[in-house]
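What follows is data_3.cif (mmCIF, C-alpha atoms).
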data_model
loop_
_atom_site.group_PDB
_atom_site.id
_atom_site.type_symbol
_atom_site.label_atom_id
_atom_site.label_comp_id
_atom_site.auth_asym_id
_atom_site.auth_seq_id
_atom_site.Cartn_x
_atom_site.Cartn_y
_atom_site.Cartn_z
ATOM 1 C CA MET I 1 13.151 12.294 6.439
ATOM 2 C CA THR I 2 10.808 13.183 3.597
ATOM 3 C CA LEU I 3 7.264 14.417 4.198
ATOM 4 C CA ARG I 4 5.986 11.078 2.866
ATOM 5 C CA ASP I 5 8.181 9.102 5.257
ATOM 6 C CA GLY I 6 7.077 11.317 8.143
ATOM 7 C CA ALA I 7 3.416 10.794 7.299
ATOM 8 C CA ARG I 8 3.849 7.030 7.097
ATOM 9 C CA ALA I 9 5.717 7.023 10.407
ATOM 10 C CA GLY I 10 2.978 9.130 12.000
ATOM 11 C CA TYR I 11 0.229 6.819 10.820
ATOM 12 C CA ALA I 12 2.259 3.778 11.898
ATOM 13 C CA SER I 13 2.620 5.200 15.401
ATOM 14 C CA VAL I 14 -1.161 5.530 15.862
ATOM 15 C CA LEU I 15 -1.843 2.195 14.126
ATOM 16 C CA GLY I 16 0.679 0.212 16.150
ATOM 17 C CA CYS I 17 2.662 -1.101 13.197
ATOM 18 C CA ASP I 18 5.785 -0.435 11.140
ATOM 19 C CA PRO I 19 5.822 2.362 8.553
ATOM 20 C CA SER I 20 6.567 -0.274 5.893
ATOM 21 C CA GLU I 21 3.085 -1.725 6.526
ATOM 22 C CA VAL I 22 1.327 1.584 5.775
ATOM 23 C CA ALA I 23 0.396 2.995 2.392
ATOM 24 C CA LEU I 24 -0.627 6.631 2.073
ATOM 25 C CA THR I 25 -4.025 7.204 0.462
ATOM 26 C CA GLY I 26 -6.304 10.148 -0.187
ATOM 27 C CA SER I 27 -9.108 8.821 2.008
ATOM 28 C CA THR I 28 -10.602 5.831 3.760
ATOM 29 C CA THR I 29 -12.493 5.045 0.552
ATOM 30 C CA ASP I 30 -9.221 4.966 -1.411
ATOM 31 C CA GLY I 31 -7.953 2.283 0.947
ATOM 32 C CA VAL I 32 -11.214 0.347 0.768
ATOM 33 C CA ASN I 33 -11.138 0.513 -3.046
ATOM 34 C CA THR I 34 -7.537 -0.718 -3.077
ATOM 35 C CA VAL I 35 -8.475 -3.807 -1.081
ATOM 36 C CA ILE I 36 -11.807 -4.653 -2.715
ATOM 37 C CA GLY I 37 -10.507 -3.888 -6.199
ATOM 38 C CA GLY I 38 -7.252 -5.729 -5.552
ATOM 39 C CA LEU I 39 -8.699 -9.002 -4.302
ATOM 40 C CA ASP I 40 -9.171 -11.729 -6.898
ATOM 41 C CA LEU I 41 -12.939 -12.022 -6.472
ATOM 42 C CA HIS I 42 -15.068 -14.332 -8.632
ATOM 43 C CA PRO I 43 -18.749 -15.149 -9.156
ATOM 44 C CA GLY I 44 -19.999 -17.101 -6.170
ATOM 45 C CA ASP I 45 -17.652 -15.372 -3.723
ATOM 46 C CA GLU I 46 -19.360 -13.583 -0.878
ATOM 47 C CA VAL I 47 -18.482 -10.465 1.078
ATOM 48 C CA VAL I 48 -20.267 -9.976 4.375
ATOM 49 C CA THR I 49 -20.888 -6.410 5.502
ATOM 50 C CA SER I 50 -23.237 -4.695 7.925
ATOM 51 C CA ASP I 51 -26.418 -2.686 7.854
ATOM 52 C CA GLN I 52 -24.545 0.343 9.234
ATOM 53 C CA GLU I 53 -21.982 1.003 6.523
ATOM 54 C CA HIS I 54 -21.038 4.295 4.893
ATOM 55 C CA PRO I 55 -21.359 4.737 1.120
ATOM 56 C CA GLY I 56 -17.550 4.877 1.006
ATOM 57 C CA LEU I 57 -17.586 1.127 1.670
ATOM 58 C CA LEU I 58 -20.900 0.231 0.060
ATOM 59 C CA ALA I 59 -20.063 1.768 -3.331
ATOM 60 C CA PRO I 60 -16.861 -0.288 -3.846
ATOM 61 C CA LEU I 61 -18.780 -3.407 -2.789
ATOM 62 C CA ALA I 62 -21.560 -2.624 -5.279
ATOM 63 C CA ARG I 63 -18.967 -2.143 -8.010
ATOM 64 C CA ALA I 64 -17.390 -5.514 -7.178
ATOM 65 C CA ARG I 65 -20.854 -7.104 -7.313
ATOM 66 C CA ARG I 66 -21.454 -5.681 -10.801
ATOM 67 C CA ARG I 67 -17.964 -6.298 -12.089
ATOM 68 C CA HIS I 68 -17.167 -9.715 -10.625
ATOM 69 C CA GLY I 69 -20.574 -11.210 -9.883
ATOM 70 C CA ILE I 70 -19.908 -11.558 -6.164
ATOM 71 C CA GLU I 71 -22.622 -11.659 -3.540
ATOM 72 C CA VAL I 72 -22.662 -8.859 -0.967
ATOM 73 C CA ARG I 73 -24.588 -9.950 2.079
ATOM 74 C CA VAL I 74 -25.741 -7.198 4.455
ATOM 75 C CA VAL I 75 -26.340 -8.346 8.028
ATOM 76 C CA PRO I 76 -26.957 -6.604 11.364
ATOM 77 C CA PHE I 77 -23.786 -4.908 12.677
ATOM 78 C CA ALA I 78 -23.738 -6.890 15.924
ATOM 79 C CA GLU I 79 -24.172 -10.222 14.100
ATOM 80 C CA ILE I 80 -21.492 -10.065 11.407
ATOM 81 C CA ALA I 81 -19.228 -12.833 12.742
ATOM 82 C CA GLY I 82 -22.124 -15.261 13.122
ATOM 83 C CA GLU I 83 -23.202 -14.708 9.514
ATOM 84 C CA VAL I 84 -19.959 -15.868 7.886
ATOM 85 C CA SER I 85 -20.390 -18.891 5.607
ATOM 86 C CA ALA I 86 -18.110 -21.269 3.726
ATOM 87 C CA LYS I 87 -18.262 -19.036 0.643
ATOM 88 C CA THR I 88 -17.358 -15.805 2.502
ATOM 89 C CA ARG I 89 -14.110 -14.438 1.078
ATOM 90 C CA LEU I 90 -14.048 -11.139 2.995
ATOM 91 C CA ILE I 91 -15.640 -9.407 5.946
ATOM 92 C CA ALA I 92 -15.813 -5.660 5.237
ATOM 93 C CA CYS I 93 -17.234 -3.393 7.900
ATOM 94 C CA SER I 94 -16.640 -0.344 10.040
ATOM 95 C CA HIS I 95 -14.425 -0.610 13.087
ATOM 96 C CA VAL I 96 -16.644 2.058 14.677
ATOM 97 C CA SER I 97 -20.105 2.530 13.178
ATOM 98 C CA TRP I 98 -20.801 5.951 11.714
ATOM 99 C CA VAL I 99 -24.494 5.390 12.492
ATOM 100 C CA GLY I 100 -24.460 4.808 16.245
ATOM 101 C CA GLY I 101 -20.853 4.652 17.356
ATOM 102 C CA GLU I 102 -20.852 0.919 18.155
ATOM 103 C CA VAL I 103 -17.471 -0.770 18.034
ATOM 104 C CA ALA I 104 -17.224 -3.954 15.971
ATOM 105 C CA ASP I 105 -16.392 -7.177 17.778
ATOM 106 C CA VAL I 106 -13.104 -7.521 15.917
ATOM 107 C CA PRO I 107 -11.866 -10.571 17.880
ATOM 108 C CA ALA I 108 -15.015 -12.453 16.816
ATOM 109 C CA LEU I 109 -14.536 -11.335 13.198
ATOM 110 C CA VAL I 110 -10.899 -12.450 13.169
ATOM 111 C CA ALA I 111 -11.827 -15.762 14.817
ATOM 112 C CA THR I 112 -13.865 -16.691 11.718
ATOM 113 C CA GLY I 113 -10.622 -17.159 9.776
ATOM 114 C CA VAL I 114 -11.953 -14.980 6.928
ATOM 115 C CA PRO I 115 -9.887 -11.912 5.928
ATOM 116 C CA VAL I 116 -11.144 -8.751 7.641
ATOM 117 C CA LEU I 117 -11.198 -5.258 6.108
ATOM 118 C CA LEU I 118 -12.029 -2.545 8.619
ATOM 119 C CA ASP I 119 -13.238 0.907 7.595
ATOM 120 C CA ALA I 120 -11.590 3.041 10.262
ATOM 121 C CA ALA I 121 -12.933 6.455 9.295
ATOM 122 C CA GLN I 122 -14.647 6.819 12.669
ATOM 123 C CA ALA I 123 -12.039 4.904 14.683
ATOM 124 C CA LEU I 124 -8.482 6.106 14.090
ATOM 125 C CA GLY I 125 -7.856 8.991 16.453
ATOM 126 C CA ALA I 126 -11.137 8.487 18.317
ATOM 127 C CA ILE I 127 -10.295 5.199 20.048
ATOM 128 C CA PRO I 128 -6.970 3.471 20.746
ATOM 129 C CA VAL I 129 -5.922 1.291 17.818
ATOM 130 C CA ASP I 130 -3.307 -1.437 17.549
ATOM 131 C CA VAL I 131 -3.812 -3.224 14.246
ATOM 132 C CA ARG I 132 -1.524 -6.074 15.214
ATOM 133 C CA ALA I 133 -3.445 -6.708 18.433
ATOM 134 C CA LEU I 134 -6.719 -6.425 16.500
ATOM 135 C CA GLY I 135 -5.531 -9.079 14.066
ATOM 136 C CA CYS I 136 -7.298 -7.509 11.087
ATOM 137 C CA ASP I 137 -5.902 -7.954 7.603
ATOM 138 C CA PHE I 138 -6.690 -4.537 6.143
ATOM 139 C CA TYR I 139 -7.344 -1.248 7.948
ATOM 140 C CA ALA I 140 -8.348 1.802 5.879
ATOM 141 C CA ALA I 141 -8.474 5.187 7.604
ATOM 142 C CA SER I 142 -8.661 8.895 6.983
ATOM 143 C CA GLY I 143 -6.458 11.600 8.398
ATOM 144 C CA GLN I 144 -8.860 14.518 8.231
ATOM 145 C CA LYS I 145 -11.371 13.340 10.813
ATOM 146 C CA TRP I 146 -10.265 12.410 14.333
ATOM 147 C CA LEU I 147 -6.573 12.905 13.589
ATOM 148 C CA CYS I 148 -7.306 16.515 12.520
ATOM 149 C CA GLY I 149 -5.115 16.185 9.429
ATOM 150 C CA PRO I 150 -5.640 17.835 6.073
ATOM 151 C CA GLU I 151 -8.417 16.926 3.668
ATOM 152 C CA GLY I 152 -7.198 14.299 1.222
ATOM 153 C CA SER I 153 -5.085 12.382 3.701
ATOM 154 C CA GLY I 154 -5.519 8.753 4.609
ATOM 155 C CA CYS I 155 -3.765 5.459 5.034
ATOM 156 C CA LEU I 156 -4.115 1.752 4.456
ATOM 157 C CA TYR I 157 -2.551 -0.889 6.677
ATOM 158 C CA VAL I 158 -2.076 -4.294 5.088
ATOM 159 C CA ARG I 159 -0.944 -7.211 7.224
ATOM 160 C CA PRO I 160 2.318 -8.367 5.585
ATOM 161 C CA GLU I 161 0.994 -11.900 5.039
ATOM 162 C CA ARG I 162 -1.836 -10.440 2.920
ATOM 163 C CA LEU I 163 0.246 -8.305 0.559
ATOM 164 C CA ASP I 164 0.340 -10.978 -2.136
ATOM 165 C CA ASP I 165 -3.475 -11.270 -1.972
ATOM 166 C CA LEU I 166 -3.816 -7.823 -3.528
ATOM 167 C CA LEU I 167 -3.421 -7.443 -7.274
ATOM 168 C CA VAL I 168 -3.075 -3.681 -7.588
ATOM 169 C CA PRO I 169 -2.646 -2.096 -11.019
ATOM 170 C CA TRP I 170 0.145 0.224 -9.903
ATOM 171 C CA PRO I 171 3.598 -0.402 -8.340
#
Written as C-alpha cells, how would this file's structure read?
Amino acid sequence: MTLRDGARAGYASVLGCDPSEVALTGSTTDGVNTVIGGLDLHPGDEVVTSDQEHPGLLAPLARARRRHGIEVRVVPFAEIAGEVSAKTRLIACSHVSWVGGEVADVPALVATGVPVLLDAAQALGAIPVDVRALGCDFYAASGQKWLCGPEGSGCLYVRPERLDDLLVPWP
C-alpha cells in the first residue's frame, strides 16, 4: 500500500466511507475551493452560509460572488435550514462552529434537498463522523487539527452521486 492509499484509507475510516470517495487535499480550504470552484454556478444562484464561518469558507464564497455573480446569503448559524429558498443552489457551513462550538443541524440541512457542503475543520477527530449517515454531499476537513496529522494534510469527501456536479480543472 502506498502512502497515498494509506492516507485515503485512514481518512475513510474516520469519515465512515470508502477510500474511493476521499480525495487528499492540503487543507479544509482546498476542499472547500474544489467544491465551490467546481460547481457550475451562475448569476442569480444563491449559496446560504452562516454568520459563524471561518475565512477559509468565506473567501471562496466571496470569489464565487465576484466571478460568477452569485448571491451569498449569511444567516444565523442555528437558522440555516429555514433560510433556504427556491434559488439556493448550495448550503455551505461549518459542521462544528469555530466561533462557539455549536454543531450544525445536518439532518435539517439535508432535508431541504439542497446540496450541503460542510467545513469540517473543527469536527473531524473532535466528534464522531459518519458522512453517509449525515447525508451531506461534500465534507472538507483538515488533518492537522483534531486528527493530529501534519500541516498541509486534508481531505474531501464527495458523495458519489455528486461527482459529476463538479467541473474540476484537473484529472
Residues within 9 Å of stretch 59-65 of chain I, please, as a PDB file with C-alpha atoms, in the coordinates of the input. Count all atoms listed in the file; anything in the same chain fewer than 3 positions from it doesn't count.
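Below is the file that was written, out-v7.pdb:
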ATOM      1  CA  THR I  29     -12.493   5.045   0.552  1.00  0.00           C
ATOM      2  CA  VAL I  32     -11.214   0.347   0.768  1.00  0.00           C
ATOM      3  CA  ASN I  33     -11.138   0.513  -3.046  1.00  0.00           C
ATOM      4  CA  ILE I  36     -11.807  -4.653  -2.715  1.00  0.00           C
ATOM      5  CA  GLY I  37     -10.507  -3.888  -6.199  1.00  0.00           C
ATOM      6  CA  LEU I  41     -12.939 -12.022  -6.472  1.00  0.00           C
ATOM      7  CA  PRO I  43     -18.749 -15.149  -9.156  1.00  0.00           C
ATOM      8  CA  VAL I  47     -18.482 -10.465   1.078  1.00  0.00           C
ATOM      9  CA  HIS I  54     -21.038   4.295   4.893  1.00  0.00           C
ATOM     10  CA  PRO I  55     -21.359   4.737   1.120  1.00  0.00           C
ATOM     11  CA  GLY I  56     -17.550   4.877   1.006  1.00  0.00           C
ATOM     12  CA  HIS I  68     -17.167  -9.715 -10.625  1.00  0.00           C
ATOM     13  CA  GLY I  69     -20.574 -11.210  -9.883  1.00  0.00           C
ATOM     14  CA  ILE I  70     -19.908 -11.558  -6.164  1.00  0.00           C
ATOM     15  CA  GLU I  71     -22.622 -11.659  -3.540  1.00  0.00           C
ATOM     16  CA  VAL I  72     -22.662  -8.859  -0.967  1.00  0.00           C
ATOM     17  CA  ALA I  92     -15.813  -5.660   5.237  1.00  0.00           C
TER      18      ALA I  92
END
Note to self: Taking all atoms listed in the file into account, name the residue in I:Val22, I:Ala12, I:Leu90, I:Leu58 that is nearest to I:Thr112.
What the structure shows: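 So, comparing all the options, the nearest one is I:Leu90.
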Next item on the list: Would you kindly translate the PyMOL selection byres ((chain I and resi 138-152) around 7) into the concrete residues it picks from this file, as a ChimeraX atom specification?
Entry: /I:26-28,31-32,116-121,124-126,136-137,153-159
Result set of the PyMOL selection byres ((chain I and resi 78-86) around 10) on the coordinates above, as a compact mmCIF listing (two decimals) with C-alpha atoms, keeping the file's coordinate frame:
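The file below, part.txt, is the result:
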# COMPACT_ATOMS: atom_id res chain seq x y z
CA ASP I 45 -17.65 -15.37 -3.72
CA GLU I 46 -19.36 -13.58 -0.88
CA VAL I 47 -18.48 -10.46 1.08
CA VAL I 48 -20.27 -9.98 4.38
CA THR I 49 -20.89 -6.41 5.50
CA SER I 50 -23.24 -4.70 7.92
CA ASP I 51 -26.42 -2.69 7.85
CA GLN I 52 -24.54 0.34 9.23
CA ARG I 73 -24.59 -9.95 2.08
CA VAL I 74 -25.74 -7.20 4.46
CA VAL I 75 -26.34 -8.35 8.03
CA PRO I 76 -26.96 -6.60 11.36
CA PHE I 77 -23.79 -4.91 12.68
CA LYS I 87 -18.26 -19.04 0.64
CA THR I 88 -17.36 -15.80 2.50
CA ARG I 89 -14.11 -14.44 1.08
CA LEU I 90 -14.05 -11.14 3.00
CA ILE I 91 -15.64 -9.41 5.95
CA ALA I 92 -15.81 -5.66 5.24
CA CYS I 93 -17.23 -3.39 7.90
CA GLU I 102 -20.85 0.92 18.16
CA VAL I 103 -17.47 -0.77 18.03
CA ALA I 104 -17.22 -3.95 15.97
CA ASP I 105 -16.39 -7.18 17.78
CA VAL I 106 -13.10 -7.52 15.92
CA PRO I 107 -11.87 -10.57 17.88
CA ALA I 108 -15.02 -12.45 16.82
CA LEU I 109 -14.54 -11.34 13.20
CA VAL I 110 -10.90 -12.45 13.17
CA ALA I 111 -11.83 -15.76 14.82
CA THR I 112 -13.86 -16.69 11.72
CA GLY I 113 -10.62 -17.16 9.78
CA VAL I 114 -11.95 -14.98 6.93
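For the residues I:Ile127, I:Leu163, I:Gln122, I:Leu57, ranking by smallest atom-to-atom distance to I:Asp30 using all atoms listed in the file places I:Leu57 first.
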Next item on the list: Work out how far atom CA of I:Leu24 is from atom CA of I:Arg4, in Å to one decimal.
Entry: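 Pair atom CA of I:Arg4 / atom CA of I:Leu24 returns 8.0 Å.
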Item checked: Between atom CA of I:Ser97 and atom CA of I:Glu53, distance in Å (one decimal) -> 7.1 Å
Notebook entry, point to check: What is the distance between atom CA of I:Arg66 and atom CA of I:His95, in Å to one decimal?
Noted result: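 A separation of 25.4 Å between them.
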Checklist line | Given all atoms listed in the file as the counted atoms, nearest of I:Leu166, I:Ala23, I:Leu3, I:Ala9 to I:Pro115 | finding: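 Going through I:Leu166, I:Ala23, I:Leu3, I:Ala9 one by one, the smallest distance to I:Pro115 is for I:Leu166.
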As JSON, please: the centre and edge lengths in Å, to one decimal, of an axis-aligned box enclosing every listed atom of stretch 38-41 of chain I with 4 Å added on each side.
{"center_x": -10.1, "center_y": -8.9, "center_z": -5.6, "size_x": 13.7, "size_y": 14.3, "size_z": 10.6}
Note to self: Using only C-alpha atoms for the distances, tell me which of I:Gly6, I:Arg67, I:Thr25, I:Pro19 is nearest to I:His42.
What the structure shows: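 Looking at the shortest contact to I:His42, the residue is I:Arg67.
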Margin query: Residues near I:Asp165, anyone? I mean within 9 Å using only C-alpha atoms, not counting same-chain ones fewer than 6 positions away, as a PyMOL selection string.
Written below: chain I and resi 38-40
